[in-house]
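K.L.:
Just so it is clear, I am handing over coords_3.pdb, which has PDB, C-alpha atoms and all ligand atoms.
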ATOM      1  CA  MET G   1     141.003   9.032 -19.246  1.00  0.00           C
ATOM      2  CA  LEU G   2     140.093   5.828 -17.436  1.00  0.00           C
ATOM      3  CA  SER G   3     142.223   5.053 -14.383  1.00  0.00           C
ATOM      4  CA  SER G   4     142.194   3.154 -11.108  1.00  0.00           C
ATOM      5  CA  GLY G   5     145.775   3.925 -10.119  1.00  0.00           C
ATOM      6  CA  LYS G   6     148.201   6.564  -9.005  1.00  0.00           C
ATOM      7  CA  GLY G   7     147.678   8.649 -12.132  1.00  0.00           C
ATOM      8  CA  SER G   8     151.220   9.382 -13.305  1.00  0.00           C
ATOM      9  CA  ASN G   9     150.108   9.108 -16.942  1.00  0.00           C
ATOM     10  CA  LEU G  10     147.277  11.556 -16.277  1.00  0.00           C
ATOM     11  CA  SER G  11     149.685  14.024 -14.617  1.00  0.00           C
ATOM     12  CA  ASN G  12     152.091  13.653 -17.532  1.00  0.00           C
ATOM     13  CA  LEU G  13     149.390  14.434 -20.118  1.00  0.00           C
ATOM     14  CA  LEU G  14     148.178  17.429 -18.121  1.00  0.00           C
ATOM     15  CA  GLN G  15     151.742  18.698 -17.802  1.00  0.00           C
ATOM     16  CA  ARG G  16     152.223  18.374 -21.552  1.00  0.00           C
ATOM     17  CA  GLY G  17     149.122  20.446 -22.182  1.00  0.00           C
ATOM     18  CA  TYR G  18     146.644  17.811 -23.415  1.00  0.00           C
ATOM     19  CA  HIS G  19     143.052  18.775 -22.813  1.00  0.00           C
ATOM     20  CA  ILE G  20     141.554  16.077 -20.592  1.00  0.00           C
ATOM     21  CA  ALA G  21     137.789  16.348 -20.895  1.00  0.00           C
ATOM     22  CA  ALA G  22     137.081  13.890 -18.097  1.00  0.00           C
ATOM     23  CA  VAL G  23     138.512  11.189 -15.879  1.00  0.00           C
ATOM     24  CA  ALA G  24     136.536   8.072 -15.025  1.00  0.00           C
ATOM     25  CA  THR G  25     137.497   5.773 -12.197  1.00  0.00           C
ATOM     26  CA  ASN G  26     136.124   2.787 -10.330  1.00  0.00           C
ATOM     27  CA  ARG G  27     138.289   3.743  -7.322  1.00  0.00           C
ATOM     28  CA  PRO G  28     137.328   7.227  -6.102  1.00  0.00           C
ATOM     29  CA  SER G  29     140.239   7.267  -3.616  1.00  0.00           C
ATOM     30  CA  CYS G  30     142.950   6.635  -6.228  1.00  0.00           C
ATOM     31  CA  GLY G  31     145.695   9.101  -7.120  1.00  0.00           C
ATOM     32  CA  ALA G  32     144.264   9.773 -10.575  1.00  0.00           C
ATOM     33  CA  ALA G  33     140.936  10.833  -9.016  1.00  0.00           C
ATOM     34  CA  ALA G  34     142.789  13.196  -6.658  1.00  0.00           C
ATOM     35  CA  THR G  35     144.685  14.701  -9.614  1.00  0.00           C
ATOM     36  CA  ALA G  36     141.442  15.164 -11.546  1.00  0.00           C
ATOM     37  CA  ARG G  37     139.845  16.988  -8.592  1.00  0.00           C
ATOM     38  CA  GLN G  38     142.949  19.150  -8.124  1.00  0.00           C
ATOM     39  CA  HIS G  39     142.931  20.179 -11.804  1.00  0.00           C
ATOM     40  CA  LEU G  40     139.140  20.615 -11.879  1.00  0.00           C
ATOM     41  CA  VAL G  41     138.794  17.894 -14.522  1.00  0.00           C
ATOM     42  CA  PRO G  42     135.254  16.416 -14.426  1.00  0.00           C
ATOM     43  CA  LEU G  43     135.461  13.128 -12.532  1.00  0.00           C
ATOM     44  CA  GLY G  44     133.092  10.198 -13.008  1.00  0.00           C
ATOM     45  CA  GLU G  45     133.011   7.698 -10.166  1.00  0.00           C
ATOM     46  CA  PHE G  46     131.911   4.249 -11.311  1.00  0.00           C
ATOM     47  CA  SER G  47     132.539   2.051  -8.277  1.00  0.00           C
ATOM     48  CA  GLN G  48     131.331  -1.470  -8.931  1.00  0.00           C
ATOM     49  CA  LYS G  49     129.190  -1.386  -5.770  1.00  0.00           C
ATOM     50  CA  ARG G  50     126.920   1.207  -7.412  1.00  0.00           C
ATOM     51  CA  PHE G  51     125.970  -1.285 -10.122  1.00  0.00           C
ATOM     52  CA  GLY G  52     124.283  -4.661 -10.180  1.00  0.00           C
ATOM     53  CA  SER G  53     126.580  -6.005 -12.898  1.00  0.00           C
ATOM     54  CA  SER G  54     129.619  -5.035 -14.936  1.00  0.00           C
ATOM     55  CA  LEU G  55     127.322  -4.736 -17.962  1.00  0.00           C
ATOM     56  CA  ALA G  56     125.274  -2.070 -16.163  1.00  0.00           C
ATOM     57  CA  ARG G  57     128.478  -0.298 -15.093  1.00  0.00           C
ATOM     58  CA  ASP G  58     129.908  -0.307 -18.622  1.00  0.00           C
ATOM     59  CA  ARG G  59     126.636   0.938 -20.167  1.00  0.00           C
ATOM     60  CA  THR G  60     126.605   3.849 -17.730  1.00  0.00           C
ATOM     61  CA  LEU G  61     130.285   4.579 -18.332  1.00  0.00           C
ATOM     62  CA  ALA G  62     129.876   4.538 -22.137  1.00  0.00           C
ATOM     63  CA  ALA G  63     126.814   6.808 -21.975  1.00  0.00           C
ATOM     64  CA  TRP G  64     128.688   9.236 -19.695  1.00  0.00           C
ATOM     65  CA  LEU G  65     131.677   9.422 -22.047  1.00  0.00           C
ATOM     66  CA  GLU G  66     129.389   9.883 -25.048  1.00  0.00           C
ATOM     67  CA  ARG G  67     127.496  12.667 -23.302  1.00  0.00           C
ATOM     68  CA  ILE G  68     130.764  14.495 -22.655  1.00  0.00           C
ATOM     69  CA  GLY G  69     131.598  14.044 -26.335  1.00  0.00           C
ATOM     70  CA  VAL G  70     135.190  12.864 -26.041  1.00  0.00           C
ATOM     71  CA  ASP G  71     137.328  12.361 -29.144  1.00  0.00           C
ATOM     72  CA  ILE G  72     139.691   9.711 -27.771  1.00  0.00           C
ATOM     73  CA  VAL G  73     139.460   7.518 -24.679  1.00  0.00           C
ATOM     74  CA  VAL G  74     142.772   6.725 -22.966  1.00  0.00           C
ATOM     75  CA  ASN G  75     142.848   3.738 -20.663  1.00  0.00           C
ATOM     76  CA  ALA G  76     145.812   3.942 -18.261  1.00  0.00           C
ATOM     77  CA  GLY G  77     145.613   1.439 -15.441  1.00  0.00           C
ATOM     78  CA  TYR G  78     141.849   0.955 -15.280  1.00  0.00           C
ATOM     79  CA  ASP G  79     141.696  -2.355 -13.432  1.00  0.00           C
ATOM     80  CA  ARG G  80     138.399  -3.668 -14.780  1.00  0.00           C
ATOM     81  CA  ILE G  81     137.930  -5.390 -18.123  1.00  0.00           C
ATOM     82  CA  LEU G  82     135.970  -3.069 -20.389  1.00  0.00           C
ATOM     83  CA  GLY G  83     132.940  -4.782 -21.864  1.00  0.00           C
ATOM     84  CA  GLU G  84     131.212  -4.454 -25.184  1.00  0.00           C
ATOM     85  CA  PRO G  85     129.173  -1.294 -24.385  1.00  0.00           C
ATOM     86  CA  VAL G  86     132.453   0.631 -24.058  1.00  0.00           C
ATOM     87  CA  THR G  87     134.607  -1.182 -26.637  1.00  0.00           C
ATOM     88  CA  ARG G  88     131.874  -0.877 -29.298  1.00  0.00           C
ATOM     89  CA  ALA G  89     131.069   2.785 -28.610  1.00  0.00           C
ATOM     90  CA  PHE G  90     134.744   3.795 -28.853  1.00  0.00           C
ATOM     91  CA  ALA G  91     136.052   1.247 -31.355  1.00  0.00           C
ATOM     92  CA  GLY G  92     139.119   2.698 -33.070  1.00  0.00           C
ATOM     93  CA  ARG G  93     139.145   5.669 -30.684  1.00  0.00           C
ATOM     94  CA  MET G  94     140.295   4.027 -27.465  1.00  0.00           C
ATOM     95  CA  LEU G  95     143.916   3.431 -26.419  1.00  0.00           C
ATOM     96  CA  ASN G  96     145.420   1.373 -23.645  1.00  0.00           C
ATOM     97  CA  ILE G  97     148.901   1.633 -22.149  1.00  0.00           C
ATOM     98  CA  HIS G  98     150.277  -1.655 -20.837  1.00  0.00           C
ATOM     99  CA  PRO G  99     153.555  -2.188 -18.937  1.00  0.00           C
ATOM    100  CA  SER G 100     155.028  -4.963 -21.092  1.00  0.00           C
ATOM    101  CA  LEU G 101     155.986  -5.639 -24.674  1.00  0.00           C
ATOM    102  CA  LEU G 102     152.692  -7.159 -25.812  1.00  0.00           C
ATOM    103  CA  PRO G 103     151.813  -9.862 -26.681  1.00  0.00           C
ATOM    104  CA  SER G 104     154.027 -10.948 -23.753  1.00  0.00           C
ATOM    105  CA  PHE G 105     152.511 -10.635 -20.284  1.00  0.00           C
ATOM    106  CA  GLY G 106     149.124  -9.341 -21.355  1.00  0.00           C
ATOM    107  CA  GLY G 107     145.818  -9.896 -19.612  1.00  0.00           C
ATOM    108  CA  GLY G 108     146.398  -8.763 -16.050  1.00  0.00           C
ATOM    109  CA  MET G 109     147.667  -6.062 -13.717  1.00  0.00           C
ATOM    110  CA  ASP G 110     150.853  -7.990 -12.820  1.00  0.00           C
ATOM    111  CA  ALA G 111     152.847  -7.709 -16.057  1.00  0.00           C
ATOM    112  CA  VAL G 112     155.988  -6.302 -14.402  1.00  0.00           C
ATOM    113  CA  GLN G 113     156.069  -9.016 -11.748  1.00  0.00           C
ATOM    114  CA  ARG G 114     155.537 -11.717 -14.378  1.00  0.00           C
ATOM    115  CA  ALA G 115     158.373 -10.337 -16.516  1.00  0.00           C
ATOM    116  CA  LEU G 116     160.711 -10.471 -13.504  1.00  0.00           C
ATOM    117  CA  GLU G 117     159.587 -14.005 -12.627  1.00  0.00           C
ATOM    118  CA  HIS G 118     160.238 -15.190 -16.180  1.00  0.00           C
ATOM    119  CA  GLY G 119     163.698 -13.690 -16.130  1.00  0.00           C
ATOM    120  CA  VAL G 120     163.265 -11.780 -19.388  1.00  0.00           C
ATOM    121  CA  LYS G 121     166.167  -9.469 -20.155  1.00  0.00           C
ATOM    122  CA  ILE G 122     164.110  -6.929 -22.079  1.00  0.00           C
ATOM    123  CA  THR G 123     160.601  -5.782 -21.319  1.00  0.00           C
ATOM    124  CA  GLY G 124     158.902  -2.435 -21.903  1.00  0.00           C
ATOM    125  CA  CYS G 125     155.530  -0.902 -22.591  1.00  0.00           C
ATOM    126  CA  THR G 126     152.934  -0.847 -25.344  1.00  0.00           C
ATOM    127  CA  VAL G 127     150.276   1.580 -26.534  1.00  0.00           C
ATOM    128  CA  HIS G 128     147.559  -0.250 -28.447  1.00  0.00           C
ATOM    129  CA  LEU G 129     143.989   0.147 -29.609  1.00  0.00           C
ATOM    130  CA  VAL G 130     141.416  -1.405 -27.308  1.00  0.00           C
ATOM    131  CA  THR G 131     139.303  -4.219 -28.696  1.00  0.00           C
ATOM    132  CA  GLU G 132     137.154  -6.732 -26.859  1.00  0.00           C
ATOM    133  CA  ALA G 133     140.117  -9.122 -26.648  1.00  0.00           C
ATOM    134  CA  VAL G 134     142.036  -7.925 -23.593  1.00  0.00           C
ATOM    135  CA  ASP G 135     145.477  -6.384 -24.349  1.00  0.00           C
ATOM    136  CA  ALA G 136     145.324  -7.803 -27.878  1.00  0.00           C
ATOM    137  CA  GLY G 137     144.293  -4.848 -30.068  1.00  0.00           C
ATOM    138  CA  PRO G 138     146.515  -3.411 -32.834  1.00  0.00           C
ATOM    139  CA  ILE G 139     149.788  -2.040 -31.500  1.00  0.00           C
ATOM    140  CA  LEU G 140     150.582   1.638 -32.145  1.00  0.00           C
ATOM    141  CA  VAL G 141     153.804   2.309 -30.212  1.00  0.00           C
ATOM    142  CA  GLN G 142     156.218   0.253 -28.106  1.00  0.00           C
ATOM    143  CA  ALA G 143     159.340   1.020 -26.097  1.00  0.00           C
ATOM    144  CA  ALA G 144     161.883  -1.527 -24.864  1.00  0.00           C
ATOM    145  CA  VAL G 145     163.300  -1.350 -21.335  1.00  0.00           C
ATOM    146  CA  PRO G 146     166.208  -3.581 -20.245  1.00  0.00           C
ATOM    147  CA  VAL G 147     165.832  -5.556 -17.028  1.00  0.00           C
ATOM    148  CA  LEU G 148     168.929  -4.761 -14.933  1.00  0.00           C
ATOM    149  CA  PRO G 149     170.642  -6.954 -12.335  1.00  0.00           C
ATOM    150  CA  GLY G 150     169.078  -6.343  -8.934  1.00  0.00           C
ATOM    151  CA  ASP G 151     165.845  -4.955 -10.354  1.00  0.00           C
ATOM    152  CA  ASP G 152     162.772  -5.345  -8.207  1.00  0.00           C
ATOM    153  CA  GLN G 153     159.247  -4.479  -9.231  1.00  0.00           C
ATOM    154  CA  ASP G 154     159.462  -0.842  -8.112  1.00  0.00           C
ATOM    155  CA  ARG G 155     162.760  -0.100  -9.852  1.00  0.00           C
ATOM    156  CA  LEU G 156     161.743  -1.777 -13.083  1.00  0.00           C
ATOM    157  CA  LEU G 157     158.290  -0.169 -13.068  1.00  0.00           C
ATOM    158  CA  ALA G 158     159.841   3.278 -12.555  1.00  0.00           C
ATOM    159  CA  ARG G 159     161.948   2.879 -15.721  1.00  0.00           C
ATOM    160  CA  ILE G 160     158.988   1.442 -17.661  1.00  0.00           C
ATOM    161  CA  GLN G 161     156.816   4.350 -16.590  1.00  0.00           C
ATOM    162  CA  ALA G 162     159.415   6.869 -17.754  1.00  0.00           C
ATOM    163  CA  GLU G 163     158.980   5.304 -21.213  1.00  0.00           C
ATOM    164  CA  GLU G 164     155.182   5.219 -20.839  1.00  0.00           C
ATOM    165  CA  HIS G 165     155.242   8.962 -20.310  1.00  0.00           C
ATOM    166  CA  ARG G 166     157.051   9.322 -23.644  1.00  0.00           C
ATOM    167  CA  ILE G 167     155.058   6.841 -25.777  1.00  0.00           C
ATOM    168  CA  LEU G 168     151.499   7.478 -24.558  1.00  0.00           C
ATOM    169  CA  PRO G 169     151.548  11.040 -25.978  1.00  0.00           C
ATOM    170  CA  GLU G 170     153.064   9.607 -29.170  1.00  0.00           C
ATOM    171  CA  GLY G 171     150.246   7.075 -29.419  1.00  0.00           C
ATOM    172  CA  ILE G 172     147.613   9.742 -28.835  1.00  0.00           C
ATOM    173  CA  ASP G 173     149.121  12.000 -31.505  1.00  0.00           C
ATOM    174  CA  LEU G 174     149.329   9.076 -33.936  1.00  0.00           C
ATOM    175  CA  LEU G 175     145.708   8.075 -33.363  1.00  0.00           C
ATOM    176  CA  TRP G 176     144.548  11.682 -33.620  1.00  0.00           C
ATOM    177  CA  ALA G 177     146.321  12.017 -36.969  1.00  0.00           C
ATOM    178  CA  ARG G 178     144.756   8.753 -38.155  1.00  0.00           C
ATOM    179  CA  LEU G 179     141.326   9.975 -37.172  1.00  0.00           C
ATOM    180  CA  GLY G 180     141.825  12.873 -39.527  1.00  0.00           C
ATOM    181  CA  GLY G 181     142.837  15.486 -37.027  1.00  0.00           C
ATOM    182  CA  ALA G 182     146.228  16.119 -38.628  1.00  0.00           C
ATOM    183  CA  ALA G 183     145.562  19.826 -39.103  1.00  0.00           C
ATOM    184  CA  GLN G 184     144.795  20.257 -35.440  1.00  0.00           C
ATOM    185  CA  PRO G 185     147.444  19.655 -32.808  1.00  0.00           C
ATOM    186  CA  ALA G 186     146.615  16.714 -30.552  1.00  0.00           C
ATOM    187  CA  LYS G 187     146.889  19.033 -27.581  1.00  0.00           C
ATOM    188  CA  GLU G 188     143.554  20.477 -28.645  1.00  0.00           C
ATOM    189  CA  THR G 189     141.820  17.121 -28.743  1.00  0.00           C
ATOM    190  CA  THR G 190     139.412  16.198 -26.048  1.00  0.00           C
ATOM    191  CA  LEU G 191     140.602  13.147 -24.205  1.00  0.00           C
ATOM    192  CA  ALA G 192     138.814  11.206 -21.564  1.00  0.00           C
TER     193      ALA G 192
HETATM  194  C1  LIG G 201     150.721   1.912 -16.034  1.00  0.00           C
HETATM  195  O1  LIG G 201     151.913   1.269 -15.706  1.00  0.00           O
HETATM  196  C2  LIG G 201     150.026   1.241 -17.185  1.00  0.00           C
HETATM  197  O2  LIG G 201     150.912   0.618 -18.047  1.00  0.00           O
HETATM  198  C3  LIG G 201     149.168   0.210 -16.494  1.00  0.00           C
HETATM  199  O3  LIG G 201     148.732   0.850 -15.323  1.00  0.00           O
HETATM  200  C4  LIG G 201     149.706   1.794 -14.911  1.00  0.00           C
HETATM  201  C5  LIG G 201     149.039   3.101 -14.641  1.00  0.00           C
HETATM  202  O4  LIG G 201     149.942   3.974 -14.049  1.00  0.00           O
HETATM  203  N1  LIG G 201     148.119  -0.241 -17.350  1.00  0.00           N
HETATM  204  P1  LIG G 201     149.523   5.416 -13.590  1.00  0.00           P
HETATM  205  O5  LIG G 201     148.313   5.263 -12.690  1.00  0.00           O
HETATM  206  O6  LIG G 201     149.221   6.230 -14.812  1.00  0.00           O
HETATM  207  O7  LIG G 201     150.710   5.942 -12.835  1.00  0.00           O
END
Starting from the file, lay out its structure as structure tokens.
P.N.:
Amino acid sequence: MLSSGKGSNLSNLLQRGYHIAAVATNRPSCGAAATARQHLVPLGEFSQKRFGSSLARDRTLAAWLERIGVDIVVNAGYDRILGEPVTRAFAGRMLNIHPSLLPSFGGGMDAVQRALEHGVKITGCTVHLVTEAVDAGPILVQAAVPVLPGDDQDRLLARIQAEEHRILPEGIDLLWARLGGAAQPAKETTLA
């Protein structure tokens, strides 16, 4: 799994029994990194300051994931745009979870705030395949979440994340089945 954030999606997958082969982060002090350490999941720290360019960072990240031999890469709140070395190596095998109903409010880390600012009455979350075009790959699963009177970012995000924790496993299972793993439960797949 790739994450820069608090790691609620990582905790949810661990709780549901998915085998997480590795967690990669660019923010070693984030919640997801702490969860990985606590669960003894191999943690790769790819802080930008270690690398001269994002190309160098992404080459190292892709090589690390390939060495581990992951089946599916799950991107949940990794706050750097993944470049070609990663998107090409894991084409068709990498998912992203985004807190809006794509294609609305894609392309940033502020989707919930933008939905509130626009005054939309329904937002939600999307699991999609990662391509080089940010937040624009084929959609696998979506869930709608109504915006309620008096919602602020925290309240709305909490309800969106409750849906994320339901649809990310669905997306993983769907992708695993598509990749030909139907005979094997997704919980046995090796995610990163
Ligand atoms: C999620 O809301 C996801 O949609 C977005 O980043 C957030 C990650 O949350 N891309 P968490 O770190 O898994 O709690």
K.L.:
Can you tell me how far atom O2 of ligand LIG 201 (chain G) sits from atom CA of Trp64 of chain G, in Å to one decimal?
P.N.:
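Going from atom O2 of ligand LIG 201 (chain G) over to atom CA of Trp64 of chain G, I get 23.9 Å.
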K.L.:
Starting from the shown file, work through the PyMOL selection byres (((not hetatm)) within 9 of (chain G and resi 201)) and note down what comes out as a ChimeraX atom specification.
P.N.:
/G:3-12,30-32,75-79,96-100,108-109,111-112,125-127,157-158,160-161,164-165
K.L.:
Which is closer to Val86 of chain G than all the others in G:Thr35, G:Gln113, G:Gln15, G:Thr60, using all atoms listed in the file?
P.N.:
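Ranking G:Thr35, G:Gln113, G:Gln15, G:Thr60 by distance to Val86 of chain G, first place goes to G:Thr60.
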K.L.:
Would you mind reading off the distance between atom CA of Glu132 of chain G and atom CA of Thr87 of chain G, one decimal, in Å?
P.N.:
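Calculated distance between atom CA of Glu132 of chain G and atom CA of Thr87 of chain G is 6.1 Å.
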K.L.:
Please evaluate the PyMOL selection byres (((chain G and resi 134) around 12) and not hetatm) against the displayed coordinates and give the resulting residues as a list of chain:residue names.
P.N.:
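Output of the PyMOL selection byres (((chain G and resi 134) around 12) and not hetatm): G:Asp79, G:Arg80, G:Ile81, G:Leu82, G:Gly83, G:Glu84, G:Thr87, G:Leu95, G:Asn96, G:Ile97, G:His98, G:Leu102, G:Pro103, G:Phe105, G:Gly106, G:Gly107, G:Gly108, G:Met109, G:His128, G:Leu129, G:Val130, G:Thr131, G:Glu132, G:Ala133, G:Asp135, G:Ala136, G:Gly137, G:Pro138.
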K.L.:
Could you write those residues out with C-alpha atoms, as a PDB file, in the frame of the given file?
P.N.:
ATOM      1  CA  ASP G  79     141.696  -2.355 -13.432  1.00  0.00           C
ATOM      2  CA  ARG G  80     138.399  -3.668 -14.780  1.00  0.00           C
ATOM      3  CA  ILE G  81     137.930  -5.390 -18.123  1.00  0.00           C
ATOM      4  CA  LEU G  82     135.970  -3.069 -20.389  1.00  0.00           C
ATOM      5  CA  GLY G  83     132.940  -4.782 -21.864  1.00  0.00           C
ATOM      6  CA  GLU G  84     131.212  -4.454 -25.184  1.00  0.00           C
ATOM      7  CA  THR G  87     134.607  -1.182 -26.637  1.00  0.00           C
ATOM      8  CA  LEU G  95     143.916   3.431 -26.419  1.00  0.00           C
ATOM      9  CA  ASN G  96     145.420   1.373 -23.645  1.00  0.00           C
ATOM     10  CA  ILE G  97     148.901   1.633 -22.149  1.00  0.00           C
ATOM     11  CA  HIS G  98     150.277  -1.655 -20.837  1.00  0.00           C
ATOM     12  CA  LEU G 102     152.692  -7.159 -25.812  1.00  0.00           C
ATOM     13  CA  PRO G 103     151.813  -9.862 -26.681  1.00  0.00           C
ATOM     14  CA  PHE G 105     152.511 -10.635 -20.284  1.00  0.00           C
ATOM     15  CA  GLY G 106     149.124  -9.341 -21.355  1.00  0.00           C
ATOM     16  CA  GLY G 107     145.818  -9.896 -19.612  1.00  0.00           C
ATOM     17  CA  GLY G 108     146.398  -8.763 -16.050  1.00  0.00           C
ATOM     18  CA  MET G 109     147.667  -6.062 -13.717  1.00  0.00           C
ATOM     19  CA  HIS G 128     147.559  -0.250 -28.447  1.00  0.00           C
ATOM     20  CA  LEU G 129     143.989   0.147 -29.609  1.00  0.00           C
ATOM     21  CA  VAL G 130     141.416  -1.405 -27.308  1.00  0.00           C
ATOM     22  CA  THR G 131     139.303  -4.219 -28.696  1.00  0.00           C
ATOM     23  CA  GLU G 132     137.154  -6.732 -26.859  1.00  0.00           C
ATOM     24  CA  ALA G 133     140.117  -9.122 -26.648  1.00  0.00           C
ATOM     25  CA  ASP G 135     145.477  -6.384 -24.349  1.00  0.00           C
ATOM     26  CA  ALA G 136     145.324  -7.803 -27.878  1.00  0.00           C
ATOM     27  CA  GLY G 137     144.293  -4.848 -30.068  1.00  0.00           C
ATOM     28  CA  PRO G 138     146.515  -3.411 -32.834  1.00  0.00           C
TER      29      PRO G 138
END
K.L.:
For the file shown, report as an mmCIF file with C-alpha atoms, in the coordinates of the input the outcome of the PyMOL selection byres (((chain G and resi 123) around 8) and not hetatm) at residue level.
P.N.:
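Wrote it out as part.cif, contents follow:
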data_model
loop_
_atom_site.group_PDB
_atom_site.id
_atom_site.type_symbol
_atom_site.label_atom_id
_atom_site.label_comp_id
_atom_site.auth_asym_id
_atom_site.auth_seq_id
_atom_site.Cartn_x
_atom_site.Cartn_y
_atom_site.Cartn_z
ATOM 1 C CA SER G 100 155.028 -4.963 -21.092
ATOM 2 C CA LEU G 101 155.986 -5.639 -24.674
ATOM 3 C CA ALA G 115 158.373 -10.337 -16.516
ATOM 4 C CA VAL G 120 163.265 -11.780 -19.388
ATOM 5 C CA LYS G 121 166.167 -9.469 -20.155
ATOM 6 C CA ILE G 122 164.110 -6.929 -22.079
ATOM 7 C CA GLY G 124 158.902 -2.435 -21.903
ATOM 8 C CA CYS G 125 155.530 -0.902 -22.591
ATOM 9 C CA ALA G 144 161.883 -1.527 -24.864
ATOM 10 C CA VAL G 145 163.300 -1.350 -21.335
ATOM 11 C CA PRO G 146 166.208 -3.581 -20.245
ATOM 12 C CA VAL G 147 165.832 -5.556 -17.028
#
K.L.:
So how many Å separate atom CA of Ile172 of chain G and atom CA of Val74 of chain G, to one decimal?
P.N.:
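If I compute the distance from atom CA of Ile172 of chain G to atom CA of Val74 of chain G, I get 8.2 Å.
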K.L.:
Name the residues in contact with Gly171 of chain G at a cut-off of 8 Å, using all atoms listed in the file, excluding same-chain residues fewer than 2 positions from it; report them as a list in words.
P.N.:
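What passes the distance filter is Leu95, Val127, His128, Leu140, Val141, Ile167, Leu168, Pro169, Asp173, Leu174 and Leu175 of chain G.
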K.L.:
Smallest atom-to-atom distance to His19 of chain G: which of G:Met1, G:Leu179, G:Leu191, G:Ile68, using all atoms listed in the file?
P.N.:
G:Leu191
